[in-house]
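To start, the structure itself, in structure tokens.
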Amino acid sequence: MTMENQKNNVDSDSHDHFSSSVVTPLRPDAFVLSDEEKKRIIKGHFAAIMETLGLDLSDDSLMGTPERVSEMMVDEIFSGLHPDRKPKMSTFNNSYKYGEMLVEKNIVVYSTCEHHFLPIVGRAHVAYISDGKVIGLSKMNRIVDYYAKRPQVQERLTRQIVKAMQEALGTEDVACLIDAKHLCVNSRGIRDIESSTVTVEYGGKFNEDSTKREFLDHLRLETDFGV
């Protein structure tokens with residue numbers, strides 16, 4: 001079956017997370033409009049949606065909603081679409097010769113499902129083995145947040161984080177595991193509030209069974225220090 005046929009066979013209301021690329025699908029003219037122009041257009045469209053639903057936009061509680069939604073979309077939850085907002089991935093020489101695995105656990109993930117535009121909420125765990133370079137710990141959190149702030153499928157998000165880390169560190173030895181709840185499953189459709197989705201991407205040495213086990217063992221460690 002060809003890729004095009006696969007796409008055509010995916011039901012429009014399906015939860016199949018078909019993603020053919022690690023790259024977020026964007027049109028060539030995605031950044032022609034300024035942020036302010038995008039907000040103005042989104043505000044008008046969202047007002048039309050609310051009116052179509054029969055809501056009274058003259059009500060004090062509702063009249064500011066289209067503007068609030070447009071600002072939220074452009075400045076917050078989809079701010080990671082713009083490449084200018086990608087965090088600088090400053091690295092340093094591994095002068096202390098730390099050669100073991102470094103794991104940053106429990107990085108909060110707030111993203112948005114691109115199929116229903118409902119939240120994805122969970123935790124990411126990112127690890128790497130230095131090949132001469134190290135990266136600031138906060139940069140790992142920032143790269144997760146950057147790629148999360150766009151319409152996403154979890155599989156693509158996981159791969160984008162690994163790819164960005166590999167490029168910054170100059171090594172394939174990077175792994176990422178994400179465990180998240182999708183409100184398109186939890187709050188609509190099947191409405192299963194207990195289920196979560198786990199995705200993982202292994203690069204380089206993390207494909208070796210022993211390294212993979214070590215990474216997963218680190219994730220089982222209790223890290224509640226009461227702070």
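Just remember, in the structure tokens the first chain shown is A, the second B, etc., residues are 1-based per chain, and ligands are 1-based in the order shown.
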Residues near region 91-97 of chain A, anyone? I mean within 8 Å using only C-alpha atoms, not counting same-chain ones fewer than 2 positions away, as a PDB file with C-alpha atoms, in the first residue's frame.
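As a result, result-v9.pdb now contains:
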```pdb
ATOM      1  CA  MET A  89      21.298  24.956  22.364  1.00  0.00           C
ATOM      2  CA  GLY A  99      31.248   9.459  30.481  1.00  0.00           C
ATOM      3  CA  SER A 130      28.402  12.674  26.016  1.00  0.00           C
ATOM      4  CA  GLY A 132      32.798  15.361  24.139  1.00  0.00           C
ATOM      5  CA  LYS A 133      30.006  17.907  24.613  1.00  0.00           C
ATOM      6  CA  VAL A 134      27.495  18.552  27.401  1.00  0.00           C
ATOM      7  CA  ILE A 135      24.440  20.765  27.431  1.00  0.00           C
ATOM      8  CA  GLY A 136      22.904  22.892  30.188  1.00  0.00           C
ATOM      9  CA  ALA A 168      23.259  20.077  19.398  1.00  0.00           C
ATOM     10  CA  LEU A 169      25.496  17.453  21.015  1.00  0.00           C
TER      11      LEU A 169
END
```
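For region 78-88 of chain A, the list of residues within 9 Å, based on only C-alpha atoms and with local chain neighbours fewer than 4 positions off taken out, reads Thr24, Leu26, Ala30, Phe31, Met72, Met73, Val74, Ser111, Thr112, Lys139, Arg142, Ile143, Asp145, Tyr146, Tyr147, Ala148, Lys149, Arg150 and Pro151 of chain A.
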Could you write out that same residue set with N, CA and C atoms as a compact mmCIF listing (two decimals), in the first residue's frame?
```txt
# COMPACT_ATOMS: atom_id res chain seq x y z
N THR A 24 7.32 19.10 11.41
CA THR A 24 5.95 19.57 11.53
C THR A 24 5.46 20.08 10.17
N LEU A 26 4.16 22.34 7.66
CA LEU A 26 3.88 23.77 7.56
C LEU A 26 3.86 24.19 6.10
N ALA A 30 4.10 30.07 5.85
CA ALA A 30 3.63 30.01 7.24
C ALA A 30 3.97 31.24 8.05
N PHE A 31 5.04 31.95 7.69
CA PHE A 31 5.49 33.07 8.51
C PHE A 31 5.46 34.40 7.76
N MET A 72 -3.72 33.51 23.06
CA MET A 72 -3.25 32.23 23.61
C MET A 72 -2.63 31.37 22.52
N MET A 73 -3.29 31.30 21.36
CA MET A 73 -2.79 30.45 20.28
C MET A 73 -1.45 30.94 19.75
N VAL A 74 -1.33 32.22 19.49
CA VAL A 74 -0.13 32.76 18.85
C VAL A 74 1.02 32.91 19.85
N SER A 111 1.14 20.03 25.48
CA SER A 111 1.07 20.16 24.03
C SER A 111 -0.39 20.11 23.60
N THR A 112 -0.61 20.06 22.27
CA THR A 112 -1.96 20.09 21.72
C THR A 112 -2.06 19.05 20.60
N LYS A 139 18.34 23.64 29.21
CA LYS A 139 18.15 23.61 27.76
C LYS A 139 17.35 22.38 27.34
N ARG A 142 13.84 23.26 27.92
CA ARG A 142 13.39 24.27 26.95
C ARG A 142 13.13 23.66 25.57
N ILE A 143 13.94 22.69 25.17
CA ILE A 143 13.74 22.09 23.85
C ILE A 143 12.47 21.24 23.85
N ASP A 145 9.81 21.93 25.70
CA ASP A 145 8.73 22.91 25.71
C ASP A 145 8.54 23.54 24.33
N TYR A 146 9.64 23.80 23.63
CA TYR A 146 9.56 24.43 22.30
C TYR A 146 8.80 23.54 21.32
N TYR A 147 9.16 22.28 21.24
CA TYR A 147 8.50 21.39 20.29
C TYR A 147 7.10 21.00 20.74
N ALA A 148 6.84 21.07 22.06
CA ALA A 148 5.49 20.78 22.55
C ALA A 148 4.51 21.89 22.19
N LYS A 149 5.01 23.11 22.05
CA LYS A 149 4.13 24.26 21.81
C LYS A 149 3.81 24.41 20.32
N ARG A 150 3.14 23.39 19.81
CA ARG A 150 2.66 23.39 18.42
C ARG A 150 1.65 22.25 18.32
N PRO A 151 0.79 22.26 17.31
CA PRO A 151 -0.07 21.09 17.12
C PRO A 151 0.81 19.86 16.89
```
CA of Lys43 (chain A) to CA of Met63 (chain A): how many Å, to one decimal? 11.0 Å
Residues near Cys184 (chain A), cut-off 10 Å, only C-alpha atoms, skip fewer than 6 positions along chain, as a list in words: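 Listed by chain and then number, they are His15, Thr112, Cys113, Glu114, His115, His116, Phe117, Leu118, Pro119, Ile120, Ile190, Arg191 and Asp192 of chain A.
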C-alpha atoms of the current selection, written as an mmCIF file, in the first residue's frame:
```
data_model
loop_
_atom_site.group_PDB
_atom_site.id
_atom_site.type_symbol
_atom_site.label_atom_id
_atom_site.label_comp_id
_atom_site.auth_asym_id
_atom_site.auth_seq_id
_atom_site.Cartn_x
_atom_site.Cartn_y
_atom_site.Cartn_z
ATOM 1 C CA HIS A 15 -7.005 8.251 16.682
ATOM 2 C CA THR A 112 -1.965 20.087 21.722
ATOM 3 C CA CYS A 113 -3.264 17.162 19.684
ATOM 4 C CA GLU A 114 -3.332 18.201 16.021
ATOM 5 C CA HIS A 115 -6.336 15.964 15.311
ATOM 6 C CA HIS A 116 -8.821 17.565 17.703
ATOM 7 C CA PHE A 117 -6.879 20.549 19.112
ATOM 8 C CA LEU A 118 -7.258 19.264 22.661
ATOM 9 C CA PRO A 119 -4.467 19.169 25.273
ATOM 10 C CA ILE A 120 -1.751 16.560 25.637
ATOM 11 C CA ILE A 190 -14.222 6.766 24.309
ATOM 12 C CA ARG A 191 -13.736 9.075 27.335
ATOM 13 C CA ASP A 192 -11.184 6.823 29.015
#
```
All alpha helix (DSSP H) residues (DSSP, backbone) inside region 117-198 of chain A, as a PyMOL selection string: chain A and resi 137-148+154-169+183-186
Based on the selection just made, write N, CA and C atoms of those residues as a compact mmCIF listing (two decimals), in the first residue's frame.
```txt
# COMPACT_ATOMS: atom_id res chain seq x y z
N LEU A 137 21.34 21.82 31.69
CA LEU A 137 20.15 21.03 32.01
C LEU A 137 18.87 21.75 31.61
N SER A 138 18.80 23.05 31.85
CA SER A 138 17.58 23.78 31.52
C SER A 138 17.30 23.79 30.02
N LYS A 139 18.34 23.64 29.21
CA LYS A 139 18.15 23.61 27.76
C LYS A 139 17.35 22.38 27.34
N MET A 140 17.51 21.30 28.07
CA MET A 140 16.75 20.09 27.75
C MET A 140 15.26 20.33 28.00
N ASN A 141 14.94 21.01 29.11
CA ASN A 141 13.56 21.36 29.38
C ASN A 141 13.01 22.31 28.32
N ARG A 142 13.84 23.26 27.92
CA ARG A 142 13.39 24.27 26.95
C ARG A 142 13.13 23.66 25.57
N ILE A 143 13.94 22.69 25.17
CA ILE A 143 13.74 22.09 23.85
C ILE A 143 12.47 21.24 23.85
N VAL A 144 12.16 20.58 24.97
CA VAL A 144 10.90 19.85 25.09
C VAL A 144 9.73 20.82 24.98
N ASP A 145 9.81 21.93 25.70
CA ASP A 145 8.73 22.91 25.71
C ASP A 145 8.54 23.54 24.33
N TYR A 146 9.64 23.80 23.63
CA TYR A 146 9.56 24.43 22.30
C TYR A 146 8.80 23.54 21.32
N TYR A 147 9.16 22.28 21.24
CA TYR A 147 8.50 21.39 20.29
C TYR A 147 7.10 21.00 20.74
N ALA A 148 6.84 21.07 22.06
CA ALA A 148 5.49 20.78 22.55
C ALA A 148 4.51 21.89 22.19
N GLN A 154 2.21 12.68 19.38
CA GLN A 154 3.24 12.38 20.38
C GLN A 154 4.46 11.71 19.77
N GLU A 155 4.23 10.88 18.75
CA GLU A 155 5.35 10.20 18.11
C GLU A 155 6.33 11.21 17.50
N ARG A 156 5.77 12.20 16.80
CA ARG A 156 6.62 13.20 16.17
C ARG A 156 7.35 14.04 17.22
N LEU A 157 6.63 14.43 18.27
CA LEU A 157 7.24 15.22 19.34
C LEU A 157 8.45 14.49 19.92
N THR A 158 8.30 13.20 20.18
CA THR A 158 9.39 12.40 20.75
C THR A 158 10.61 12.42 19.83
N ARG A 159 10.38 12.24 18.54
CA ARG A 159 11.47 12.20 17.57
C ARG A 159 12.12 13.59 17.40
N GLN A 160 11.31 14.64 17.44
CA GLN A 160 11.86 15.98 17.28
C GLN A 160 12.80 16.34 18.42
N ILE A 161 12.43 15.94 19.63
CA ILE A 161 13.29 16.21 20.79
C ILE A 161 14.62 15.50 20.64
N VAL A 162 14.59 14.23 20.26
CA VAL A 162 15.82 13.46 20.09
C VAL A 162 16.68 14.06 18.98
N LYS A 163 16.08 14.40 17.86
CA LYS A 163 16.83 14.95 16.73
C LYS A 163 17.50 16.27 17.11
N ALA A 164 16.79 17.14 17.83
CA ALA A 164 17.36 18.42 18.24
C ALA A 164 18.54 18.22 19.18
N MET A 165 18.42 17.27 20.10
CA MET A 165 19.51 16.98 21.03
C MET A 165 20.71 16.38 20.31
N GLN A 166 20.46 15.51 19.36
CA GLN A 166 21.55 14.90 18.59
C GLN A 166 22.32 15.96 17.81
N GLU A 167 21.60 16.88 17.20
CA GLU A 167 22.25 17.93 16.42
C GLU A 167 23.08 18.85 17.32
N ALA A 168 22.55 19.18 18.49
CA ALA A 168 23.26 20.08 19.40
C ALA A 168 24.51 19.42 19.98
N LEU A 169 24.41 18.15 20.33
CA LEU A 169 25.50 17.45 21.01
C LEU A 169 26.48 16.77 20.07
N LEU A 183 -6.35 14.42 25.88
CA LEU A 183 -7.74 14.72 26.21
C LEU A 183 -8.70 14.38 25.09
N CYS A 184 -8.18 14.15 23.86
CA CYS A 184 -9.05 13.67 22.79
C CYS A 184 -9.52 12.25 23.07
N VAL A 185 -8.79 11.53 23.92
CA VAL A 185 -9.19 10.19 24.38
C VAL A 185 -9.88 10.29 25.73
N ASN A 186 -9.34 11.12 26.62
CA ASN A 186 -9.82 11.18 28.00
C ASN A 186 -11.15 11.93 28.16
```
Report the residues of region 65-195 of chain A whose backbone DSSP state falls under strand (DSSP E), written as a PyMOL selection string. chain A and resi 91-93+101-113+119-129+133-135+151-152+174-182
